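Source file: input-v1.cif (mmCIF, C-alpha atoms)
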```
data_final
loop_
_atom_site.group_PDB
_atom_site.id
_atom_site.type_symbol
_atom_site.label_atom_id
_atom_site.label_comp_id
_atom_site.auth_asym_id
_atom_site.auth_seq_id
_atom_site.Cartn_x
_atom_site.Cartn_y
_atom_site.Cartn_z
ATOM 1 C CA MET A 1 -15.076 -23.406 -71.581
ATOM 2 C CA THR A 2 -13.470 -25.260 -68.696
ATOM 3 C CA PRO A 3 -13.752 -29.054 -69.081
ATOM 4 C CA ARG A 4 -16.117 -30.709 -66.597
ATOM 5 C CA PRO A 5 -13.414 -32.982 -65.120
ATOM 6 C CA LEU A 6 -11.351 -29.941 -64.171
ATOM 7 C CA LEU A 7 -14.343 -28.245 -62.598
ATOM 8 C CA ALA A 8 -15.108 -31.390 -60.643
ATOM 9 C CA ALA A 9 -11.493 -31.708 -59.479
ATOM 10 C CA GLY A 10 -11.445 -28.072 -58.356
ATOM 11 C CA ALA A 11 -14.675 -28.474 -56.450
ATOM 12 C CA LEU A 12 -13.354 -31.605 -54.772
ATOM 13 C CA ALA A 13 -10.127 -29.845 -53.741
ATOM 14 C CA ALA A 14 -12.085 -26.925 -52.308
ATOM 15 C CA ALA A 15 -14.361 -29.290 -50.405
ATOM 16 C CA LEU A 16 -11.384 -31.145 -48.939
ATOM 17 C CA LEU A 17 -9.752 -27.863 -47.910
ATOM 18 C CA LEU A 18 -12.917 -26.691 -46.189
ATOM 19 C CA ALA A 19 -13.309 -30.036 -44.488
ATOM 20 C CA GLY A 20 -9.739 -29.837 -43.219
ATOM 21 C CA CYS A 21 -10.317 -26.355 -41.844
ATOM 22 C CA ALA A 22 -13.591 -27.410 -40.255
ATOM 23 C CA GLY A 23 -11.855 -30.353 -38.604
ATOM 24 C CA SER A 24 -9.199 -28.136 -36.969
ATOM 25 C CA PRO A 25 -10.664 -26.250 -34.007
ATOM 26 C CA PRO A 26 -9.198 -22.840 -33.213
ATOM 27 C CA PRO A 27 -6.373 -22.909 -30.672
ATOM 28 C CA SER A 28 -6.888 -22.121 -27.006
ATOM 29 C CA TRP A 29 -4.801 -19.252 -25.674
ATOM 30 C CA HIS A 30 -3.046 -19.113 -22.303
ATOM 31 C CA SER A 31 -1.090 -16.623 -20.213
ATOM 32 C CA VAL A 32 0.810 -16.569 -16.929
ATOM 33 C CA LEU A 33 -0.100 -12.919 -16.344
ATOM 34 C CA PRO A 34 -2.349 -12.328 -13.337
ATOM 35 C CA ALA A 35 -5.935 -13.054 -14.353
ATOM 36 C CA ASP A 36 -7.099 -9.440 -13.966
ATOM 37 C CA ALA A 37 -4.306 -8.231 -16.280
ATOM 38 C CA GLN A 38 -4.811 -10.662 -19.157
ATOM 39 C CA PRO A 39 -7.205 -8.561 -21.284
ATOM 40 C CA ALA A 40 -4.355 -6.035 -21.657
ATOM 41 C CA ALA A 41 -1.665 -8.643 -22.189
ATOM 42 C CA GLY A 42 -0.183 -6.852 -25.176
ATOM 43 C CA GLY A 43 0.701 -3.821 -23.102
ATOM 44 C CA ALA A 44 -0.025 -4.549 -19.472
ATOM 45 C CA THR A 45 1.941 -2.362 -17.098
ATOM 46 C CA PRO A 46 2.335 -2.395 -13.333
ATOM 47 C CA SER A 47 0.765 0.246 -11.134
ATOM 48 C CA PRO A 48 1.657 3.887 -11.817
ATOM 49 C CA ALA A 49 4.736 5.338 -10.154
ATOM 50 C CA ALA A 50 2.782 8.092 -8.411
ATOM 51 C CA ALA A 51 3.335 8.173 -4.637
ATOM 52 C CA ARG A 52 6.015 5.466 -4.876
ATOM 53 C CA VAL A 53 9.269 6.074 -3.016
ATOM 54 C CA ALA A 54 11.452 3.284 -4.399
ATOM 55 C CA THR A 55 11.996 1.778 -7.835
ATOM 56 C CA LEU A 56 12.582 -1.810 -8.895
ATOM 57 C CA GLN A 57 13.004 -3.156 -12.403
ATOM 58 C CA VAL A 58 12.370 -6.802 -13.260
ATOM 59 C CA GLY A 59 14.975 -7.671 -15.864
ATOM 60 C CA ARG A 60 14.854 -10.193 -18.662
ATOM 61 C CA ILE A 61 14.199 -13.710 -17.394
ATOM 62 C CA SER A 62 15.733 -16.729 -19.075
ATOM 63 C CA VAL A 63 13.742 -19.948 -19.502
ATOM 64 C CA PRO A 64 14.696 -23.461 -20.653
ATOM 65 C CA ASP A 65 14.787 -23.884 -24.428
ATOM 66 C CA ALA A 66 12.472 -26.896 -24.212
ATOM 67 C CA VAL A 67 9.527 -24.743 -23.074
ATOM 68 C CA ASP A 68 10.392 -21.597 -25.021
ATOM 69 C CA ARG A 69 7.796 -22.311 -27.702
ATOM 70 C CA SER A 70 4.530 -20.838 -28.919
ATOM 71 C CA SER A 71 2.671 -23.993 -27.855
ATOM 72 C CA LEU A 72 2.368 -25.420 -24.366
ATOM 73 C CA VAL A 73 4.818 -28.205 -23.557
ATOM 74 C CA VAL A 74 3.369 -30.720 -21.115
ATOM 75 C CA ALA A 75 5.217 -33.567 -19.429
ATOM 76 C CA THR A 76 3.427 -36.912 -19.618
ATOM 77 C CA GLY A 77 4.358 -40.367 -18.502
ATOM 78 C CA THR A 78 6.243 -40.927 -21.759
ATOM 79 C CA GLY A 79 8.083 -37.618 -22.052
ATOM 80 C CA LEU A 80 7.332 -34.090 -23.253
ATOM 81 C CA THR A 81 4.344 -33.395 -25.483
ATOM 82 C CA VAL A 82 3.951 -30.228 -27.548
ATOM 83 C CA GLN A 83 0.245 -29.370 -27.517
ATOM 84 C CA GLU A 84 -0.200 -27.536 -30.805
ATOM 85 C CA GLY A 85 -3.799 -26.585 -30.048
ATOM 86 C CA GLN A 86 -2.813 -24.902 -26.773
ATOM 87 C CA ARG A 87 -0.915 -21.667 -27.362
ATOM 88 C CA TRP A 88 0.732 -18.963 -25.285
ATOM 89 C CA ILE A 89 -0.540 -15.473 -26.057
ATOM 90 C CA GLU A 90 3.115 -14.408 -26.351
ATOM 91 C CA PRO A 91 6.512 -15.966 -25.644
ATOM 92 C CA VAL A 92 6.980 -17.145 -22.071
ATOM 93 C CA LYS A 93 10.163 -15.062 -21.793
ATOM 94 C CA ALA A 94 8.120 -11.947 -22.578
ATOM 95 C CA GLN A 95 5.310 -12.813 -20.179
ATOM 96 C CA LEU A 96 7.372 -13.635 -17.111
ATOM 97 C CA PRO A 97 8.953 -10.219 -16.387
ATOM 98 C CA ARG A 98 5.626 -8.429 -16.767
ATOM 99 C CA ALA A 99 3.760 -11.042 -14.746
ATOM 100 C CA LEU A 100 6.243 -10.756 -11.898
ATOM 101 C CA ALA A 101 6.260 -6.954 -12.078
ATOM 102 C CA LEU A 102 2.481 -6.856 -11.776
ATOM 103 C CA LEU A 103 2.546 -9.276 -8.847
ATOM 104 C CA LEU A 104 5.297 -7.348 -7.054
ATOM 105 C CA SER A 105 3.570 -4.036 -7.633
ATOM 106 C CA ASP A 106 0.568 -5.352 -5.688
ATOM 107 C CA ARG A 107 2.794 -6.650 -2.886
ATOM 108 C CA MET A 108 5.093 -3.623 -2.618
ATOM 109 C CA PRO A 109 2.874 -0.519 -2.400
ATOM 110 C CA GLY A 110 5.845 1.730 -1.658
ATOM 111 C CA THR A 111 7.767 0.664 -4.747
ATOM 112 C CA ALA A 112 7.300 1.489 -8.418
ATOM 113 C CA VAL A 113 7.893 -1.821 -10.192
ATOM 114 C CA THR A 114 8.527 -2.037 -13.919
ATOM 115 C CA ALA A 115 9.410 -4.820 -16.331
ATOM 116 C CA TRP A 116 12.344 -4.534 -18.724
ATOM 117 C CA PRO A 117 12.670 -2.597 -20.979
ATOM 118 C CA ALA A 118 10.224 -0.190 -19.328
ATOM 119 C CA SER A 119 11.475 2.067 -16.536
ATOM 120 C CA VAL A 120 10.239 4.930 -14.404
ATOM 121 C CA GLY A 121 13.098 7.092 -15.621
ATOM 122 C CA GLY A 122 16.723 6.983 -14.660
ATOM 123 C CA THR A 123 18.474 4.078 -12.983
ATOM 124 C CA PRO A 124 16.208 1.934 -10.793
ATOM 125 C CA GLN A 125 17.277 1.467 -7.200
ATOM 126 C CA TRP A 126 16.977 -2.298 -7.583
ATOM 127 C CA ARG A 127 17.067 -4.803 -10.406
ATOM 128 C CA LEU A 128 15.770 -8.344 -10.234
ATOM 129 C CA VAL A 129 17.588 -10.836 -12.438
ATOM 130 C CA ALA A 130 16.423 -14.424 -12.729
ATOM 131 C CA ASP A 131 17.168 -17.705 -14.426
ATOM 132 C CA VAL A 132 14.177 -20.030 -14.617
ATOM 133 C CA GLN A 133 15.578 -23.541 -14.482
ATOM 134 C CA ARG A 134 12.273 -25.411 -14.344
ATOM 135 C CA PHE A 135 9.004 -24.255 -15.880
ATOM 136 C CA ASP A 136 7.184 -27.572 -15.904
ATOM 137 C CA LEU A 137 3.563 -28.248 -16.742
ATOM 138 C CA SER A 138 2.934 -31.883 -15.887
ATOM 139 C CA ALA A 139 -0.058 -34.061 -16.694
ATOM 140 C CA ALA A 140 1.014 -37.031 -14.582
ATOM 141 C CA PRO A 141 0.712 -35.964 -11.839
ATOM 142 C CA ALA A 142 -1.231 -32.824 -12.729
ATOM 143 C CA GLN A 143 0.921 -30.016 -11.386
ATOM 144 C CA ALA A 144 3.187 -27.081 -12.175
ATOM 145 C CA ARG A 145 6.761 -26.786 -10.983
ATOM 146 C CA LEU A 146 8.757 -23.561 -10.947
ATOM 147 C CA ARG A 147 12.440 -23.424 -10.015
ATOM 148 C CA VAL A 148 14.247 -20.096 -10.245
ATOM 149 C CA VAL A 149 17.665 -18.797 -9.309
ATOM 150 C CA TRP A 150 17.152 -15.095 -8.702
ATOM 151 C CA THR A 151 19.098 -12.112 -7.410
ATOM 152 C CA LEU A 152 18.033 -8.666 -6.272
ATOM 153 C CA ARG A 153 20.845 -6.256 -7.134
ATOM 154 C CA PRO A 154 21.337 -2.513 -6.648
ATOM 155 C CA GLY A 155 20.573 -0.695 -9.873
ATOM 156 C CA ASP A 156 23.720 1.343 -9.371
ATOM 157 C CA PRO A 157 26.363 -0.794 -7.620
ATOM 158 C CA ASN A 158 28.203 2.391 -6.578
ATOM 159 C CA ALA A 159 25.192 4.034 -4.941
ATOM 160 C CA GLY A 160 25.448 2.058 -1.707
ATOM 161 C CA ALA A 161 21.674 1.632 -1.437
ATOM 162 C CA ALA A 162 20.462 -0.111 1.692
ATOM 163 C CA GLY A 163 18.653 -3.363 1.153
ATOM 164 C CA PRO A 164 19.132 -7.088 0.675
ATOM 165 C CA ALA A 165 22.540 -8.388 -0.307
ATOM 166 C CA ALA A 166 22.982 -9.293 -3.964
ATOM 167 C CA THR A 167 23.218 -12.996 -3.212
ATOM 168 C CA PRO A 168 21.627 -15.560 -5.567
ATOM 169 C CA GLN A 169 18.542 -17.162 -4.084
ATOM 170 C CA VAL A 170 16.812 -20.393 -5.118
ATOM 171 C CA PHE A 171 13.037 -20.642 -5.279
ATOM 172 C CA ASP A 172 11.547 -24.056 -5.991
ATOM 173 C CA VAL A 173 7.866 -24.900 -5.664
ATOM 174 C CA THR A 174 5.400 -27.452 -7.008
ATOM 175 C CA VAL A 175 1.704 -26.533 -7.145
ATOM 176 C CA PRO A 176 -0.961 -29.214 -7.788
ATOM 177 C CA ALA A 177 -3.454 -28.438 -10.561
ATOM 178 C CA THR A 178 -6.857 -28.576 -8.932
ATOM 179 C CA GLY A 179 -8.603 -29.001 -12.281
ATOM 180 C CA GLY A 180 -6.657 -32.103 -13.263
ATOM 181 C CA ASP A 181 -4.470 -32.265 -16.362
ATOM 182 C CA ASP A 182 -6.555 -29.797 -18.383
ATOM 183 C CA PRO A 183 -4.120 -27.264 -19.938
ATOM 184 C CA ALA A 184 -5.971 -24.301 -18.425
ATOM 185 C CA ALA A 185 -5.713 -25.896 -14.977
ATOM 186 C CA LEU A 186 -1.981 -26.468 -15.436
ATOM 187 C CA VAL A 187 -1.446 -22.830 -16.434
ATOM 188 C CA THR A 188 -3.491 -21.693 -13.423
ATOM 189 C CA ALA A 189 -1.202 -23.754 -11.211
ATOM 190 C CA MET A 190 1.824 -22.081 -12.796
ATOM 191 C CA ARG A 191 0.310 -18.648 -12.116
ATOM 192 C CA ALA A 192 -0.047 -19.705 -8.479
ATOM 193 C CA ALA A 193 3.621 -20.745 -8.443
ATOM 194 C CA LEU A 194 4.622 -17.329 -9.811
ATOM 195 C CA ALA A 195 2.519 -15.630 -7.128
ATOM 196 C CA ARG A 196 4.387 -17.577 -4.447
ATOM 197 C CA TRP A 197 7.691 -16.504 -5.949
ATOM 198 C CA ALA A 198 6.509 -12.901 -5.876
ATOM 199 C CA ASP A 199 5.651 -13.339 -2.168
ATOM 200 C CA VAL A 200 9.236 -14.448 -1.479
ATOM 201 C CA VAL A 201 10.808 -11.625 -3.503
ATOM 202 C CA ALA A 202 8.616 -8.995 -1.823
ATOM 203 C CA GLN A 203 9.460 -10.335 1.618
ATOM 204 C CA ALA A 204 13.181 -10.413 0.836
ATOM 205 C CA SER A 205 13.110 -6.839 -0.424
ATOM 206 C CA GLY A 206 11.398 -5.601 2.692
ATOM 207 C CA GLY A 207 8.272 -4.726 0.753
#
```
Here is the file; what I need is its structure written in the form of structure tokens.
Amino acid sequence: MTPRPLLAAGALAAALLLAGCAGSPPPSWHSVLPADAQPAAGGATPSPAAARVATLQVGRISVPDAVDRSSLVVATGTGLTVQEGQRWIEPVKAQLPRALALLLSDRMPGTAVTAWPASVGGTPQWRLVADVQRFDLSAAPAQARLRVVWTLRPGDPNAGAAGPAATPQVFDVTVPATGGDDPAALVTAMRAALARWADVVAQASGG
């Protein structure tokens, strides 16, 4: 027979564990994918290649180490804060190429846009490479800032494809968060910043 003190201690430990779990609300999940693509975030793909006459692949996109985390990192008046209860649905580096590919696919109806490592088969006519230098969610003031150095390059440098020169371009924008410093509002502002970048890339590509 188990002594009563041990039973009591076990019950107390179980109660404390349950209380700890009850006191920790489930995390909130966020994504920079376009809102209508988020339910399929695990495998979202741009529009089909049917009836497309050109191909563009969005390559891997680098991001600063400080924000390459599972939790949102928000700048406050005292520095950077890791918000453990606010999580990305997947790494930012994985989201960005697919988010941009989806945005470009909508803006470039004559182009089949894919995100690395996916392709439409063979060498794409164009590849977009990018280095995200700023991916800032800020609570004071409530805004999102995106700064990217990006280049649109021929998929095959020897093909002589007509199009924009492979010259690095700088995109830098700050979007206020209309919902204040709520994490969801900050992420929405970042999605708006990505949409503006997609506008610039589509215009530069002639799409």
d(atom CA of A:Ala195, atom CA of A:Thr178) in Å: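 Distance between the two atoms: 16.1 Å.
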Residues matched by the PyMOL selection byres ((chain A and resi 175) around 12), written as a PyMOL selection string: chain A and resi 135-138+141-147+172-174+176-180+185-197
So which residues touch A:Leu100 within 12 Å, counting all atoms listed in the file, skipping near sequence neighbours fewer than 6 positions away, as a tab-separated table (two decimals) with C-alpha atoms, in the frame of the given file?
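Output below, filename part35.tsv:
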```tsv
chain	number	residue	atom	x	y	z
A	32	VAL	CA	0.81	-16.57	-16.93
A	33	LEU	CA	-0.10	-12.92	-16.34
A	34	PRO	CA	-2.35	-12.33	-13.34
A	37	ALA	CA	-4.31	-8.23	-16.28
A	44	ALA	CA	-0.02	-4.55	-19.47
A	45	THR	CA	1.94	-2.36	-17.10
A	46	PRO	CA	2.34	-2.40	-13.33
A	56	LEU	CA	12.58	-1.81	-8.90
A	57	GLN	CA	13.00	-3.16	-12.40
A	58	VAL	CA	12.37	-6.80	-13.26
A	59	GLY	CA	14.98	-7.67	-15.86
A	60	ARG	CA	14.85	-10.19	-18.66
A	61	ILE	CA	14.20	-13.71	-17.39
A	93	LYS	CA	10.16	-15.06	-21.79
A	94	ALA	CA	8.12	-11.95	-22.58
A	106	ASP	CA	0.57	-5.35	-5.69
A	107	ARG	CA	2.79	-6.65	-2.89
A	108	MET	CA	5.09	-3.62	-2.62
A	113	VAL	CA	7.89	-1.82	-10.19
A	114	THR	CA	8.53	-2.04	-13.92
A	115	ALA	CA	9.41	-4.82	-16.33
A	116	TRP	CA	12.34	-4.53	-18.72
A	128	LEU	CA	15.77	-8.34	-10.23
A	129	VAL	CA	17.59	-10.84	-12.44
A	130	ALA	CA	16.42	-14.42	-12.73
A	191	ARG	CA	0.31	-18.65	-12.12
A	192	ALA	CA	-0.05	-19.70	-8.48
A	193	ALA	CA	3.62	-20.74	-8.44
A	194	LEU	CA	4.62	-17.33	-9.81
A	195	ALA	CA	2.52	-15.63	-7.13
A	196	ARG	CA	4.39	-17.58	-4.45
A	197	TRP	CA	7.69	-16.50	-5.95
A	198	ALA	CA	6.51	-12.90	-5.88
A	199	ASP	CA	5.65	-13.34	-2.17
A	200	VAL	CA	9.24	-14.45	-1.48
A	201	VAL	CA	10.81	-11.62	-3.50
A	202	ALA	CA	8.62	-8.99	-1.82
```
If I take atom CA of A:Pro64 and atom CA of A:Ala166, how far is one from the other in Å, to one decimal?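 Going from atom CA of A:Pro64 over to atom CA of A:Ala166 covers 23.4 Å.
Near A:Ala75, within a cut-off of 6 Å and counting only C-alpha atoms, sit the residues Gly79, Leu80, Ser138 and Ala139 of chain A, with same-chain residues fewer than 3 positions away left out.
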